[in-house]
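One file, work34.json, is given below (JSON, C-alpha atoms).
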[["chain", "number", "residue", "atom", "x", "y", "z"],
["A", 1, "MET", "CA", -12.13, 7.00, 59.63],
["A", 2, "PRO", "CA", -14.30, 5.36, 56.96],
["A", 3, "LYS", "CA", -18.07, 5.58, 56.99],
["A", 4, "GLN", "CA", -20.02, 2.33, 56.91],
["A", 5, "THR", "CA", -23.64, 2.35, 55.77],
["A", 6, "PHE", "CA", -26.16, -0.49, 55.83],
["A", 7, "ILE", "CA", -29.82, -1.04, 56.68],
["A", 8, "LEU", "CA", -30.53, -1.99, 60.30],
["A", 9, "ASN", "CA", -34.00, -3.16, 61.26],
["A", 10, "GLY", "CA", -35.50, -1.39, 58.26],
["A", 11, "LYS", "CA", -33.65, 1.93, 58.61],
["A", 12, "PRO", "CA", -30.42, 3.09, 56.97],
["A", 13, "VAL", "CA", -27.58, 3.66, 59.43],
["A", 14, "THR", "CA", -24.13, 5.14, 58.96],
["A", 15, "VAL", "CA", -21.28, 4.79, 61.42],
["A", 16, "ASN", "CA", -17.71, 6.01, 61.42],
["A", 17, "VAL", "CA", -15.66, 2.89, 62.06],
["A", 18, "ASN", "CA", -12.77, 0.99, 60.51],
["A", 19, "ASP", "CA", -13.59, -1.70, 57.93],
["A", 20, "ASP", "CA", -12.20, -4.53, 60.06],
["A", 21, "VAL", "CA", -14.47, -4.00, 63.09],
["A", 22, "ARG", "CA", -16.91, -6.88, 63.52],
["A", 23, "VAL", "CA", -20.59, -6.12, 62.94],
["A", 24, "LEU", "CA", -21.42, -7.31, 66.47],
["A", 25, "TRP", "CA", -19.35, -4.50, 67.99],
["A", 26, "VAL", "CA", -20.90, -1.95, 65.65],
["A", 27, "LEU", "CA", -24.38, -3.09, 66.65],
["A", 28, "ARG", "CA", -23.74, -3.25, 70.38],
["A", 29, "ASP", "CA", -21.13, -0.56, 71.06],
["A", 30, "LEU", "CA", -21.85, 2.06, 68.41],
["A", 31, "LEU", "CA", -25.55, 1.63, 67.69],
["A", 32, "GLY", "CA", -26.77, 0.45, 71.12],
["A", 33, "VAL", "CA", -28.50, -2.64, 69.73],
["A", 34, "THR", "CA", -27.97, -5.23, 72.46],
["A", 35, "GLY", "CA", -30.21, -8.12, 71.37],
["A", 36, "PRO", "CA", -27.34, -9.93, 69.64],
["A", 37, "LYS", "CA", -25.27, -11.22, 72.55],
["A", 38, "TYR", "CA", -21.52, -11.58, 72.81],
["A", 39, "GLY", "CA", -20.79, -15.14, 73.76],
["A", 40, "CYS", "CA", -17.59, -16.33, 72.14],
["A", 41, "GLY", "CA", -16.68, -13.85, 69.42],
["A", 42, "ILE", "CA", -15.49, -16.67, 67.13],
["A", 43, "ASN", "CA", -18.73, -17.88, 65.49],
["A", 44, "VAL", "CA", -19.15, -20.92, 67.70],
["A", 45, "CYS", "CA", -21.86, -20.25, 70.31],
["A", 46, "LYS", "CA", -24.22, -18.37, 67.95],
["A", 47, "ALA", "CA", -25.55, -16.08, 70.72],
["A", 48, "CYS", "CA", -25.29, -13.16, 68.30],
["A", 49, "THR", "CA", -27.30, -14.78, 65.48],
["A", 50, "SER", "CA", -29.14, -12.15, 63.47],
["A", 51, "HIS", "CA", -30.29, -11.97, 59.85],
["A", 52, "LEU", "CA", -28.39, -10.60, 56.87],
["A", 53, "ASN", "CA", -30.72, -10.16, 53.91],
["A", 54, "GLY", "CA", -33.15, -12.62, 55.51],
["A", 55, "LYS", "CA", -30.65, -15.38, 56.25],
["A", 56, "ALA", "CA", -29.05, -16.26, 59.56],
["A", 57, "PHE", "CA", -25.57, -14.87, 60.12],
["A", 58, "ASN", "CA", -23.30, -14.28, 63.05],
["A", 59, "PRO", "CA", -22.23, -10.64, 63.36],
["A", 60, "CYS", "CA", -19.21, -11.62, 65.48],
["A", 61, "SER", "CA", -17.66, -13.18, 62.37],
["A", 62, "VAL", "CA", -18.42, -10.51, 59.75],
["A", 63, "LYS", "CA", -16.42, -7.32, 59.27],
["A", 64, "VAL", "CA", -18.54, -4.22, 58.86],
["A", 65, "GLY", "CA", -16.50, -3.32, 55.79],
["A", 66, "ASP", "CA", -17.87, -6.44, 54.09],
["A", 67, "LEU", "CA", -21.43, -5.09, 54.26],
["A", 68, "LYS", "CA", -22.88, -3.27, 51.28],
["A", 69, "ARG", "CA", -25.08, -0.17, 51.56],
["A", 70, "SER", "CA", -28.05, -2.28, 50.46],
["A", 71, "ASP", "CA", -27.45, -5.07, 52.99],
["A", 72, "LYS", "CA", -30.30, -5.53, 55.46],
["A", 73, "VAL", "CA", -29.32, -6.54, 58.98],
["A", 74, "THR", "CA", -32.20, -7.60, 61.21],
["A", 75, "THR", "CA", -31.74, -8.22, 64.91],
["A", 76, "ILE", "CA", -34.22, -9.52, 67.46],
["A", 77, "GLU", "CA", -35.29, -5.90, 68.03],
["A", 78, "GLY", "CA", -36.41, -5.62, 64.40],
["A", 79, "LEU", "CA", -37.90, -9.10, 64.05],
["A", 80, "PRO", "CA", -41.54, -8.19, 64.86],
["A", 81, "ALA", "CA", -41.59, -5.58, 62.07],
["A", 82, "THR", "CA", -40.74, -8.29, 59.52],
["A", 83, "VAL", "CA", -44.28, -9.62, 59.94],
["A", 84, "GLY", "CA", -45.95, -6.23, 60.28],
["A", 85, "ALA", "CA", -46.19, -6.29, 64.08],
["A", 86, "LYS", "CA", -46.41, -2.90, 65.74],
["A", 87, "GLY", "CA", -45.77, -1.58, 69.22],
["A", 88, "GLU", "CA", -45.79, -4.31, 71.84],
["A", 89, "ASP", "CA", -46.59, -7.04, 69.32],
["A", 90, "LEU", "CA", -44.15, -9.88, 68.85],
["A", 91, "HIS", "CA", -43.16, -12.14, 65.99],
["A", 92, "PRO", "CA", -44.99, -15.51, 66.05],
["A", 93, "MET", "CA", -41.72, -17.28, 66.95],
["A", 94, "GLN", "CA", -41.26, -14.98, 69.95],
["A", 95, "GLU", "CA", -44.84, -15.71, 70.99],
["A", 96, "ALA", "CA", -44.18, -19.45, 70.82],
["A", 97, "TRP", "CA", -41.07, -18.98, 72.98],
["A", 98, "LEU", "CA", -43.13, -17.24, 75.65],
["A", 99, "GLU", "CA", -46.06, -19.65, 75.49],
["A", 100, "LEU", "CA", -43.75, -22.64, 75.99],
["A", 101, "ASP", "CA", -41.65, -20.90, 78.65],
["A", 102, "VAL", "CA", -38.44, -21.72, 76.80],
["A", 103, "ALA", "CA", -36.03, -19.30, 78.43],
["A", 104, "GLN", "CA", -34.26, -19.89, 81.71],
["A", 105, "CYS", "CA", -31.41, -17.39, 81.88],
["A", 106, "GLY", "CA", -32.43, -15.98, 78.47],
["A", 107, "TYR", "CA", -28.95, -15.05, 77.28],
["A", 108, "CYS", "CA", -28.99, -17.19, 74.14],
["A", 109, "GLN", "CA", -32.66, -16.72, 73.32],
["A", 110, "PRO", "CA", -32.41, -13.83, 70.82],
["A", 111, "GLY", "CA", -29.93, -15.84, 68.75],
["A", 112, "GLN", "CA", -31.99, -19.01, 69.10],
["A", 113, "ILE", "CA", -35.14, -17.23, 67.89],
["A", 114, "MET", "CA", -33.34, -15.60, 64.96],
["A", 115, "ALA", "CA", -31.88, -18.98, 63.92],
["A", 116, "ALA", "CA", -35.34, -20.57, 64.18],
["A", 117, "VAL", "CA", -37.01, -17.93, 62.00],
["A", 118, "ALA", "CA", -34.27, -18.26, 59.37],
["A", 119, "LEU", "CA", -34.72, -22.05, 59.40],
["A", 120, "VAL", "CA", -38.48, -21.80, 58.88],
["A", 121, "LYS", "CA", -38.03, -19.36, 56.00],
["A", 122, "ARG", "CA", -35.37, -21.56, 54.38],
["A", 123, "VAL", "CA", -37.39, -24.78, 54.48],
["A", 124, "ARG", "CA", -40.45, -22.95, 53.17],
["A", 125, "ARG", "CA", -38.43, -21.62, 50.23],
["A", 126, "GLU", "CA", -37.44, -25.24, 49.61],
["A", 127, "GLY", "CA", -41.14, -26.19, 49.64],
["A", 128, "ARG", "CA", -41.05, -28.48, 52.65],
["A", 129, "GLY", "CA", -41.61, -28.65, 56.38],
["A", 130, "ILE", "CA", -39.11, -28.74, 59.22],
["A", 131, "THR", "CA", -37.58, -32.14, 59.92],
["A", 132, "GLU", "CA", -35.76, -33.49, 62.95],
["A", 133, "ALA", "CA", -32.57, -33.30, 60.88],
["A", 134, "ASP", "CA", -33.16, -29.56, 60.34],
["A", 135, "LEU", "CA", -33.56, -29.04, 64.08],
["A", 136, "ASP", "CA", -30.40, -31.06, 64.71],
["A", 137, "ARG", "CA", -28.44, -28.70, 62.44],
["A", 138, "ILE", "CA", -29.18, -25.63, 64.57],
["A", 139, "ARG", "CA", -25.89, -25.07, 66.37],
["A", 140, "ASN", "CA", -26.85, -22.32, 68.81],
["A", 141, "VAL", "CA", -25.58, -23.13, 72.29],
["A", 142, "CYS", "CA", -27.94, -22.98, 75.28],
["A", 143, "ARG", "CA", -26.00, -23.19, 78.53],
["A", 144, "CYS", "CA", -29.21, -23.95, 80.45],
["A", 145, "GLY", "CA", -29.98, -26.94, 78.22],
["A", 146, "THR", "CA", -33.55, -26.03, 77.22],
["A", 147, "TYR", "CA", -33.18, -27.77, 73.86],
["A", 148, "VAL", "CA", -36.39, -29.80, 74.14],
["A", 149, "ARG", "CA", -38.47, -26.65, 74.70],
["A", 150, "ILE", "CA", -36.52, -24.82, 71.98],
["A", 151, "ARG", "CA", -37.43, -27.54, 69.46],
["A", 152, "GLU", "CA", -41.08, -27.47, 70.56],
["A", 153, "ALA", "CA", -41.16, -23.68, 70.23],
["A", 154, "ILE", "CA", -39.64, -23.79, 66.76],
["A", 155, "GLU", "CA", -42.33, -26.20, 65.61],
["A", 156, "LYS", "CA", -45.11, -24.14, 67.25],
["A", 157, "GLY", "CA", -43.71, -20.87, 65.89],
["A", 158, "ALA", "CA", -43.40, -22.36, 62.41],
["A", 159, "ARG", "CA", -47.09, -23.28, 62.45],
["A", 160, "ALA", "CA", -47.97, -19.69, 63.39],
["A", 161, "MET", "CA", -45.73, -18.02, 60.79],
["A", 162, "ARG", "CA", -47.41, -17.05, 57.55]]
Written form, structure tokens:
Amino acid sequence: MPKQTFILNGKPVTVNVNDDVRVLWVLRDLLGVTGPKYGCGINVCKACTSHLNGKAFNPCSVKVGDLKRSDKVTTIEGLPATVGAKGEDLHPMQEAWLELDVAQCGYCQPGQIMAAVALVKRVRREGRGITEADLDRIRNVCRCGTYVRIREAIEKGARAMR
């Protein structure tokens, strides 16, 4: 069986798995990283949203064999470290989520937060702020319908991100 190596939450990992296994299954079943949720498995619900080299991606739609050794996968578990948080500290977007009591069932929240952070980083690279149109383009599904609080948390989290 082939070995697959990539960087997960800042640390190199190697797993013995076939090239065609989706990254979501590698994360959850082989590496025990359960923040990215299985919702649909076909890149529709976005519950598994994580970051690949700093940009949002959906591990349910990417084969592990498509990752390079230098690829950096960040999940919700590794998000705080991207801003230097340690221990119990959270990323500013996670803090905003808690302060605004966004979650109901919580199932989609890791993916929602990861999509939000990627959006903030993207618009900042473009030299602008978040618009309503940007928020409308986030396609992560929330079965509980907390979209108003999600939008408020994204805006609050964006203000707190450096």
Find, counting all atoms listed in the file, the residue in A:Glu95, A:Asp101, A:Asp89, A:Glu152 that gets nearest to A:Ile130. A:Glu152
I need the residue nearest A:Cys105 from this list: A:Met1, A:Cys142, A:Val73, A:Val23. Use all atoms listed in the file for the distance. A:Cys142
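Interatomic distance, atom CA of A:Ile42 to atom CA of A:Asn58: 9.1 Å.
These residues, each with an atom at most 10 Å from (-45.0, -22.6, 70.9) using all atoms listed in the file, are Pro92, Met93, Gln94, Glu95, Ala96, Trp97, Leu98, Glu99, Leu100, Asp101, Val102, Arg149, Ile150, Arg151, Glu152, Ala153, Ile154, Glu155, Lys156, Gly157, Ala158, Arg159 and Ala160 of chain A.
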For A:Asn9, work out the shell of residues within 12 Å, counting all atoms listed in the file and skipping chain neighbours fewer than 4 positions away, then give it as a PyMOL selection string. chain A and resi 13+27+31+33+35+50-54+71-82
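Atom to atom, atom CA of A:Arg139 and atom CA of A:Gly111 stand 10.4 Å apart.
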Return as AutoDock Vina command-line options the box centre and box size in Å, one decimal, for an axis-aligned box around all listed atoms of stretch 148-161 of chain A padded by 8 Å per side.
--center_x -42.2 --center_y -23.9 --center_z 67.7 --size_x 27.6 --size_y 27.8 --size_z 29.9
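Note that atom CA of A:Val15 and atom CA of A:Leu30 are 7.5 Å apart.
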List as JSON, numbers by chain the protein and nucleic acid residues near A:Arg22, meaning an atom at most 10 Å away when only C-alpha atoms are counted, but skip any in the same chain fewer than 3 places from it. {"A": [17, 18, 19, 25, 26, 27, 41, 58, 59, 60, 61, 62, 63, 64, 65, 66]}
Quick one: residues within 10 Å of A:Gly39, all atoms listed in the file, excluding same-chain residues fewer than 3 positions away - as a PyMOL selection string? chain A and resi 36+42-48+60+107-108+141
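The smallest atom-to-atom distance between A:Thr5 and any of A:Leu67, A:Cys40, A:Leu90, A:Leu119, using all atoms listed in the file, is found for A:Leu67.
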For A:Ile7, the nearest of the candidates A:Thr34, A:Asn140, A:Ser70, A:Thr49, counting only C-alpha atoms: A:Ser70
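Distances from A:Arg125, A:Met114, A:Pro2, A:His91 to A:Ile138 were compared using all atoms listed in the file, and the smallest one belongs to A:Met114.
Proximity of A:Gly84, A:Phe6, A:Leu135, A:Arg143 to A:Val117, computed with all atoms listed in the file, is greatest for A:Leu135.
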